[in-house]
>>> print(open('work-v2.pdb').read())   # PDB, C-alpha atoms and all ligand atoms
ATOM      1  CA  MET A   1      91.835 132.189 147.676
ATOM      2  CA  ASN A   2      92.716 135.817 148.279
ATOM      3  CA  VAL A   3      94.979 136.711 145.357
ATOM      4  CA  ARG A   4      95.899 140.062 146.922
ATOM      5  CA  VAL A   5      97.407 138.241 149.914
ATOM      6  CA  TYR A   6      99.078 135.412 148.023
ATOM      7  CA  LYS A   7     100.672 137.534 145.296
ATOM      8  CA  PRO A   8     103.051 139.461 147.593
ATOM      9  CA  LEU A   9     103.838 136.199 149.401
ATOM     10  CA  LEU A  10     104.694 134.503 146.121
ATOM     11  CA  PHE A  11     106.752 137.539 145.080
ATOM     12  CA  ALA A  12     108.774 137.316 148.318
ATOM     13  CA  ALA A  13     109.163 133.532 147.945
ATOM     14  CA  CYS A  14     110.516 133.945 144.390
ATOM     15  CA  LEU A  15     113.080 136.488 145.621
ATOM     16  CA  LEU A  16     114.295 134.234 148.438
ATOM     17  CA  PRO A  17     116.816 132.197 146.383
ATOM     18  CA  VAL A  18     118.655 135.306 145.186
ATOM     19  CA  ILE A  19     118.536 136.899 148.670
ATOM     20  CA  TRP A  20     119.892 133.676 150.178
ATOM     21  CA  LEU A  21     122.670 133.617 147.572
ATOM     22  CA  VAL A  22     123.636 137.235 148.372
ATOM     23  CA  LEU A  23     123.743 136.344 152.088
ATOM     24  CA  ARG A  24     126.004 133.394 151.282
ATOM     25  CA  ILE A  25     128.262 135.613 149.157
ATOM     26  CA  ALA A  26     128.473 138.110 152.029
ATOM     27  CA  GLU A  27     129.219 135.175 154.382
ATOM     28  CA  VAL A  28     126.318 136.204 156.625
ATOM     29  CA  VAL A  29     124.902 132.656 156.543
ATOM     30  CA  GLU A  30     126.320 129.146 156.368
ATOM     31  CA  PRO A  31     127.251 127.342 154.190
ATOM     32  CA  GLY A  32     129.395 129.794 152.238
ATOM     33  CA  LEU A  33     130.129 129.304 148.551
ATOM     34  CA  GLY A  34     132.820 126.611 148.831
ATOM     35  CA  ALA A  35     136.006 126.244 146.820
ATOM     36  CA  ASN A  36     134.617 127.584 143.552
ATOM     37  CA  PRO A  37     132.283 130.505 144.347
ATOM     38  CA  ALA A  38     131.808 131.565 140.702
ATOM     39  CA  GLU A  39     130.616 128.074 139.745
ATOM     40  CA  GLU A  40     128.389 127.819 142.819
ATOM     41  CA  ILE A  41     126.692 131.157 142.009
ATOM     42  CA  GLN A  42     126.099 130.151 138.386
ATOM     43  CA  ASP A  43     124.802 126.709 139.360
ATOM     44  CA  GLU A  44     122.402 128.060 142.008
ATOM     45  CA  LEU A  45     120.961 130.648 139.613
ATOM     46  CA  GLY A  46     120.707 128.088 136.788
ATOM     47  CA  LEU A  47     118.890 125.604 139.015
ATOM     48  CA  TRP A  48     116.394 128.228 140.193
ATOM     49  CA  ALA A  49     115.843 129.375 136.605
ATOM     50  CA  LEU A  50     114.903 125.826 135.644
ATOM     51  CA  ARG A  51     112.812 125.191 138.759
ATOM     52  CA  LEU A  52     110.764 128.339 138.230
ATOM     53  CA  LEU A  53     110.312 127.551 134.542
ATOM     54  CA  LEU A  54     108.875 124.163 135.515
ATOM     55  CA  VAL A  55     106.715 125.681 138.281
ATOM     56  CA  THR A  56     105.314 128.118 135.693
ATOM     57  CA  LEU A  57     104.457 125.148 133.483
ATOM     58  CA  CYS A  58     102.674 123.517 136.454
ATOM     59  CA  VAL A  59     100.116 126.327 136.709
ATOM     60  CA  THR A  60      97.860 125.286 133.814
ATOM     61  CA  PRO A  61      97.585 121.577 134.763
ATOM     62  CA  ALA A  62      97.127 122.494 138.442
ATOM     63  CA  ALA A  63      94.385 125.032 137.649
ATOM     64  CA  ARG A  64      92.565 122.534 135.431
ATOM     65  CA  LEU A  65      92.931 119.470 137.632
ATOM     66  CA  LEU A  66      92.080 121.285 140.875
ATOM     67  CA  LYS A  67      89.391 123.372 139.133
ATOM     68  CA  LYS A  68      90.952 126.559 140.511
ATOM     69  CA  PRO A  69      91.106 129.054 137.613
ATOM     70  CA  ARG A  70      92.407 131.724 140.004
ATOM     71  CA  LEU A  71      95.789 129.983 139.897
ATOM     72  CA  TYR A  72      96.241 131.484 136.406
ATOM     73  CA  ARG A  73      96.704 134.856 138.105
ATOM     74  CA  PHE A  74     100.074 133.713 139.451
ATOM     75  CA  ARG A  75     101.372 132.481 136.109
ATOM     76  CA  ARG A  76     102.754 135.766 134.790
ATOM     77  CA  MET A  77     104.670 136.521 137.975
ATOM     78  CA  LEU A  78     106.163 133.025 138.033
ATOM     79  CA  GLY A  79     107.120 133.260 134.362
ATOM     80  CA  LEU A  80     108.761 136.644 134.862
ATOM     81  CA  PHE A  81     110.714 135.356 137.849
ATOM     82  CA  ALA A  82     111.831 132.354 135.784
ATOM     83  CA  PHE A  83     113.062 134.832 133.177
ATOM     84  CA  PHE A  84     114.754 136.904 135.896
ATOM     85  CA  TYR A  85     116.827 133.875 136.999
ATOM     86  CA  CYS A  86     117.336 132.861 133.346
ATOM     87  CA  THR A  87     119.084 136.209 132.780
ATOM     88  CA  LEU A  88     120.981 136.376 136.096
ATOM     89  CA  HIS A  89     122.491 132.914 135.493
ATOM     90  CA  PRO A  90     124.234 133.723 132.165
ATOM     91  CA  LEU A  91     125.060 137.186 133.531
ATOM     92  CA  ALA A  92     126.985 135.502 136.346
ATOM     93  CA  TYR A  93     128.769 133.402 133.720
ATOM     94  CA  PHE A  94     129.667 136.483 131.613
ATOM     95  CA  LEU A  95     130.881 138.441 134.640
ATOM     96  CA  LEU A  96     132.490 135.833 136.879
ATOM     97  CA  ASP A  97     133.625 133.121 134.462
ATOM     98  CA  LEU A  98     134.441 135.084 131.313
ATOM     99  CA  GLN A  99     135.075 138.414 133.034
ATOM    100  CA  LEU A 100     133.378 140.056 130.054
ATOM    101  CA  ASP A 101     135.926 138.582 127.624
ATOM    102  CA  PHE A 102     133.572 138.237 124.648
ATOM    103  CA  ALA A 103     136.222 136.629 122.414
ATOM    104  CA  HIS A 104     136.215 133.774 124.935
ATOM    105  CA  LEU A 105     132.405 133.674 124.681
ATOM    106  CA  GLY A 106     132.683 132.985 120.926
ATOM    107  CA  GLU A 107     135.085 130.130 121.670
ATOM    108  CA  ASP A 108     132.798 128.720 124.374
ATOM    109  CA  LEU A 109     129.762 128.886 122.088
ATOM    110  CA  LEU A 110     131.603 126.769 119.509
ATOM    111  CA  LYS A 111     133.340 124.338 121.857
ATOM    112  CA  ARG A 112     130.899 123.947 124.776
ATOM    113  CA  THR A 113     127.715 123.347 122.814
ATOM    114  CA  PHE A 114     125.611 123.126 125.982
ATOM    115  CA  ILE A 115     126.144 126.892 126.330
ATOM    116  CA  THR A 116     124.746 127.481 122.824
ATOM    117  CA  VAL A 117     121.688 125.424 123.814
ATOM    118  CA  GLY A 118     121.250 127.457 127.030
ATOM    119  CA  MET A 119     121.498 130.661 125.051
ATOM    120  CA  GLY A 120     118.812 129.353 122.681
ATOM    121  CA  ALA A 121     116.497 128.906 125.669
ATOM    122  CA  VAL A 122     117.074 132.477 126.858
ATOM    123  CA  LEU A 123     116.558 133.890 123.352
ATOM    124  CA  LEU A 124     113.208 132.076 123.085
ATOM    125  CA  LEU A 125     112.107 133.491 126.430
ATOM    126  CA  ILE A 126     112.902 137.149 125.605
ATOM    127  CA  PRO A 127     109.797 137.781 123.419
ATOM    128  CA  LEU A 128     107.652 136.118 126.083
ATOM    129  CA  ALA A 129     108.950 138.433 128.799
ATOM    130  CA  ILE A 130     108.491 141.496 126.558
ATOM    131  CA  THR A 131     104.916 140.573 125.625
ATOM    132  CA  SER A 132     103.895 139.441 129.107
ATOM    133  CA  THR A 133     101.911 142.640 129.816
ATOM    134  CA  ARG A 134      98.118 142.914 129.482
ATOM    135  CA  GLY A 135      98.591 145.542 126.750
ATOM    136  CA  TRP A 136     100.564 143.116 124.578
ATOM    137  CA  GLN A 137      98.113 140.334 125.337
ATOM    138  CA  ARG A 138      95.264 142.532 124.064
ATOM    139  CA  ARG A 139      97.198 143.731 121.019
ATOM    140  CA  LEU A 140      98.261 140.225 119.918
ATOM    141  CA  GLY A 141      94.934 138.514 120.630
ATOM    142  CA  ARG A 142      95.051 134.821 119.693
ATOM    143  CA  ARG A 143      98.608 135.203 118.416
ATOM    144  CA  TRP A 144      99.652 135.862 122.035
ATOM    145  CA  ASN A 145      98.778 132.284 123.009
ATOM    146  CA  ARG A 146     100.636 130.926 120.012
ATOM    147  CA  LEU A 147     103.695 133.056 120.780
ATOM    148  CA  HIS A 148     103.711 132.003 124.413
ATOM    149  CA  ARG A 149     103.929 128.352 123.393
ATOM    150  CA  LEU A 150     107.620 129.159 122.883
ATOM    151  CA  ILE A 151     107.959 128.338 126.569
ATOM    152  CA  TYR A 152     107.814 124.638 125.600
ATOM    153  CA  PRO A 153     110.887 124.573 123.321
ATOM    154  CA  ALA A 154     112.629 126.947 125.768
ATOM    155  CA  ALA A 155     112.050 124.501 128.644
ATOM    156  CA  ILE A 156     113.216 121.571 126.482
ATOM    157  CA  LEU A 157     116.431 123.455 125.604
ATOM    158  CA  ALA A 158     116.945 124.388 129.282
ATOM    159  CA  CYS A 159     116.670 120.712 130.368
ATOM    160  CA  TRP A 160     118.920 119.625 127.530
ATOM    161  CA  HIS A 161     121.449 122.319 128.546
ATOM    162  CA  PHE A 162     121.421 121.001 132.129
ATOM    163  CA  TYR A 163     121.736 117.367 131.077
ATOM    164  CA  TRP A 164     124.535 118.132 128.644
ATOM    165  CA  GLN A 165     126.782 120.040 131.040
ATOM    166  CA  VAL A 166     126.764 117.320 133.707
ATOM    167  CA  LYS A 167     129.936 115.288 133.673
ATOM    168  CA  ALA A 168     129.058 112.168 135.649
ATOM    169  CA  ASP A 169     125.886 111.936 137.733
ATOM    170  CA  THR A 170     122.969 112.443 135.353
ATOM    171  CA  ILE A 171     120.249 111.601 137.913
ATOM    172  CA  GLU A 172     119.424 115.218 138.821
ATOM    173  CA  PRO A 173     119.026 116.533 135.257
ATOM    174  CA  LEU A 174     117.063 113.394 134.356
ATOM    175  CA  VAL A 175     114.606 114.133 137.194
ATOM    176  CA  TYR A 176     114.045 117.622 135.745
ATOM    177  CA  CYS A 177     113.670 116.113 132.241
ATOM    178  CA  ALA A 178     111.097 113.627 133.576
ATOM    179  CA  ILE A 179     109.070 116.410 135.237
ATOM    180  CA  LEU A 180     109.124 118.395 131.994
ATOM    181  CA  ALA A 181     108.100 115.306 130.000
ATOM    182  CA  LEU A 182     105.158 114.811 132.361
ATOM    183  CA  LEU A 183     104.075 118.464 132.091
ATOM    184  CA  LEU A 184     104.299 118.408 128.284
ATOM    185  CA  GLY A 185     102.644 114.970 128.174
ATOM    186  CA  ILE A 186      99.603 116.278 130.090
ATOM    187  CA  ARG A 187      99.265 119.160 127.619
ATOM    188  CA  PHE A 188      99.504 116.775 124.678
ATOM    189  CA  TRP A 189      96.851 114.564 126.266
ATOM    190  CA  TRP A 190      94.499 117.526 126.538
ATOM    191  CA  SER A 191      95.284 118.981 123.121
ATOM    192  CA  PRO A 192      93.130 118.421 119.988
ATOM    193  CA  LEU A 193      96.314 117.126 118.348
ATOM    194  CA  LYS A 194      96.049 113.888 120.357
ATOM    195  CA  GLY A 195      92.548 113.194 119.051
ATOM    196  CA  ARG A 196      93.623 113.917 115.486
ATOM    197  CA  LEU A 197      96.728 111.700 115.742
ATOM    198  CA  PHE A 198      94.936 108.721 117.308
ATOM    199  CA  ARG A 199      92.005 108.927 114.906
ATOM    200  CA  GLY A 200      94.529 109.278 112.102
ATOM    201  CA  GLY A 201      92.873 112.552 111.003
TER     202      GLY A 201
HETATM  203  C1  LIG A 301     122.887 132.439 127.673
HETATM  204  C2  LIG A 301     122.368 131.414 128.305
HETATM  205  C3  LIG A 301     123.118 130.495 129.236
HETATM  206  C4  LIG A 301     124.451 130.388 129.494
HETATM  207  C5  LIG A 301     125.586 131.176 128.871
HETATM  208  C6  LIG A 301     124.606 129.366 130.494
HETATM  209  C7  LIG A 301     125.828 128.951 131.022
HETATM  210  C8  LIG A 301     125.984 127.911 131.894
HETATM  211  C9  LIG A 301     127.254 127.398 132.353
HETATM  212  C10 LIG A 301     128.611 127.933 131.925
HETATM  213  C11 LIG A 301     127.008 126.377 133.187
HETATM  214  C12 LIG A 301     128.029 125.492 133.901
HETATM  215  C13 LIG A 301     128.411 126.147 135.190
HETATM  216  C14 LIG A 301     129.453 125.297 135.867
HETATM  217  O1  LIG A 301     130.604 125.400 135.456
HETATM  218  O2  LIG A 301     129.085 124.514 136.760
HETATM  219  C15 LIG A 301     125.581 126.226 133.291
HETATM  220  C16 LIG A 301     124.943 125.307 134.079
HETATM  221  C17 LIG A 301     123.576 125.255 134.245
HETATM  222  N1  LIG A 301     122.635 126.032 133.606
HETATM  223 FE1  LIG A 301     123.002 127.458 132.235
HETATM  224  N2  LIG A 301     123.380 128.874 130.850
HETATM  225  C18 LIG A 301     122.441 129.541 130.091
HETATM  226  C19 LIG A 301     121.077 129.368 130.129
HETATM  227  C20 LIG A 301     120.420 128.580 131.023
HETATM  228  C21 LIG A 301     118.989 128.494 131.177
HETATM  229  C22 LIG A 301     117.985 129.270 130.349
HETATM  230  C23 LIG A 301     118.744 127.622 132.200
HETATM  231  C24 LIG A 301     117.456 127.152 132.810
HETATM  232  C25 LIG A 301     116.279 127.667 132.581
HETATM  233  C26 LIG A 301     120.018 127.141 132.670
HETATM  234  C27 LIG A 301     120.182 126.226 133.689
HETATM  235  C28 LIG A 301     121.388 125.679 134.070
HETATM  236  C29 LIG A 301     121.527 124.636 135.045
HETATM  237  C30 LIG A 301     120.379 123.955 135.818
HETATM  238  C31 LIG A 301     122.894 124.361 135.158
HETATM  239  C32 LIG A 301     123.568 123.299 136.031
HETATM  240  C33 LIG A 301     123.637 123.692 137.460
HETATM  241  C34 LIG A 301     124.285 122.603 138.289
HETATM  242  O3  LIG A 301     125.174 121.917 137.789
HETATM  243  O4  LIG A 301     123.892 122.458 139.454
HETATM  244  N3  LIG A 301     121.019 127.741 131.943
HETATM  245  N4  LIG A 301     124.980 127.172 132.486
END
>>> encode(input="work-v2.pdb", output="structure tokens", more="lines below")
Ligand code: HEM
Amino acid sequence: MNVRVYKPLLFAACLLPVIWLVLRIAEVVEPGLGANPAEEIQDELGLWALRLLLVTLCVTPAARLLKKPRLYRFRRMLGLFAFFYCTLHPLAYFLLDLQLDFAHLGEDLLKRTFITVGMGAVLLLIPLAITSTRGWQRRLGRRWNRLHRLIYPAAILACWHFYWQVKADTIEPLVYCAILALLLGIRFWWSPLKGRLFRGG
């Protein structure tokens, strides 16, 4: 696997959803944004944020199961793109929905609790994005791995946020929850914690 070839390809692939969205906004491509463009933009960005978060979590099991350690080299880029969509999505909400009315944000945080949960996910991801560089990895040593486990609660909050904001059809968020449960389940299965729990130690 030639990482130097695949990395730019992956970079371009991760940019495609936002490029496609811009083309839809500019009405260059079909379908347009429908009756509620603000909601459509937020939903698209939110879905891609969650998808990329889950794809990032797929890297470790895929590298181990396929015995392809080179896959780890794509993890940081995927994680940073997940964070990119995780910030664009609430940004769209602040700009298009709230129109920067921060008093309304306070109200929403209290009344629409799913938004508070989504914000929790973003807050957990901020230190991970900041410390994603090699320099920080070196400086933090083993603490870096511990810190980056925050991606697990962040992904749980993101799925919960999705599930909670759906009014009727819960199938789609439940599919994402099931994928996350599988990805976390695999990690638990491989972790020393499993051995300790089952041996009662
Ligand atoms: C400050 C943080 C966040 C805020 C303020 C926020 C806000 C919102 C709002 C207002 C909606 C409903 C949009 C509508 O009316 O349809 C929504 C939906 C959604 N959000 Fe977030 N969100 C945040 C963080 C996140 C994060 C971190 C993720 C995923 C990683 C995420 C994924 C989603 C998804 C998947 C939907 C549903 C999309 C759909 O219905 O198709 N959100 N969010």
>>> residues_near_ligand(input="work-v2.pdb", ligand="ligand LIG 301 (chain A)", cutoff="6 Å", atoms="all atoms listed in the file", output="list in words")
Glu39, Gln42, Asp43, Gly46, Leu47, Ala49, Leu50, Cys86, Pro90, Tyr93, Ile115, Gly118, Met119, Ala121, Val122, Ala158 and Phe162 of chain A
>>> atom_distance(input="work-v2.pdb", atom1="atom CA of A:Lys167", atom2="atom CA of A:Leu88")
23.0 Å
>>> residues_around(input="work-v2.pdb", residues="A:Glu40", least_positions_apart="2", cutoff="12 Å", atoms="all atoms listed in the file", output="JSON, numbers by chain")
{"A": [21, 22, 24, 25, 31, 32, 33, 34, 35, 36, 37, 38, 42, 43, 44, 45, 46, 47, 89, 92, 93, 96, 97]}
>>> atom_distance(input="work-v2.pdb", atom1="atom CA of A:Leu174", atom2="atom CA of A:Phe84")
23.7 Å
>>> atom_distance(input="work-v2.pdb", atom1="atom CA of A:Ala26", atom2="atom CA of A:Pro8")
25.8 Å
>>> resolve_selection(input="work-v2.pdb", expression="the PyMOL selection byres (((chain A and resi 63-75) around 12) and not hetatm)", output="PyMOL selection string")
chain A and resi 1-11+14+52-62+76-82+132-134+148+186-187+190
>>> residues_around(input="work-v2.pdb", residues="A:Leu147", least_positions_apart="5", cutoff="9 Å", atoms="all atoms listed in the file", output="ChimeraX atom specification")
/A:127-128,142
>>> axis_aligned_box(input="work-v2.pdb", around="stretch 53-65 of chain A", padding_each_side="5 Å", output="AutoDock Vina command-line options")
--center_x 101.4 --center_y 123.8 --center_z 136.0 --size_x 27.7 --size_y 18.6 --size_z 15.0
>>> closest_residue(input="work-v2.pdb", among="A:Leu23, A:Cys159, A:Val175, A:Thr131", to="A:Arg146", atoms="all atoms listed in the file")
A:Thr131
>>> resolve_selection(input="work-v2.pdb", expression="the PyMOL selection byres (((chain A and resi 164) around 12) and not hetatm)", output="compact mmCIF listing (two decimals) with C-alpha atoms, keeping the file's coordinate frame")
# COMPACT_ATOMS: atom_id res chain seq x y z
CA ARG A 112 130.90 123.95 124.78
CA THR A 113 127.72 123.35 122.81
CA PHE A 114 125.61 123.13 125.98
CA ILE A 115 126.14 126.89 126.33
CA THR A 116 124.75 127.48 122.82
CA VAL A 117 121.69 125.42 123.81
CA GLY A 118 121.25 127.46 127.03
CA LEU A 157 116.43 123.46 125.60
CA ALA A 158 116.94 124.39 129.28
CA CYS A 159 116.67 120.71 130.37
CA TRP A 160 118.92 119.62 127.53
CA HIS A 161 121.45 122.32 128.55
CA PHE A 162 121.42 121.00 132.13
CA TYR A 163 121.74 117.37 131.08
CA GLN A 165 126.78 120.04 131.04
CA VAL A 166 126.76 117.32 133.71
CA LYS A 167 129.94 115.29 133.67
CA ALA A 168 129.06 112.17 135.65
CA ASP A 169 125.89 111.94 137.73
CA THR A 170 122.97 112.44 135.35
CA GLU A 172 119.42 115.22 138.82
CA PRO A 173 119.03 116.53 135.26
CA LEU A 174 117.06 113.39 134.36
CA CYS A 177 113.67 116.11 132.24
>>> closest_residue(input="work-v2.pdb", among="A:Arg143, A:Arg51, A:Lys111, A:Arg196", to="A:Tyr85", atoms="only C-alpha atoms")
A:Arg51
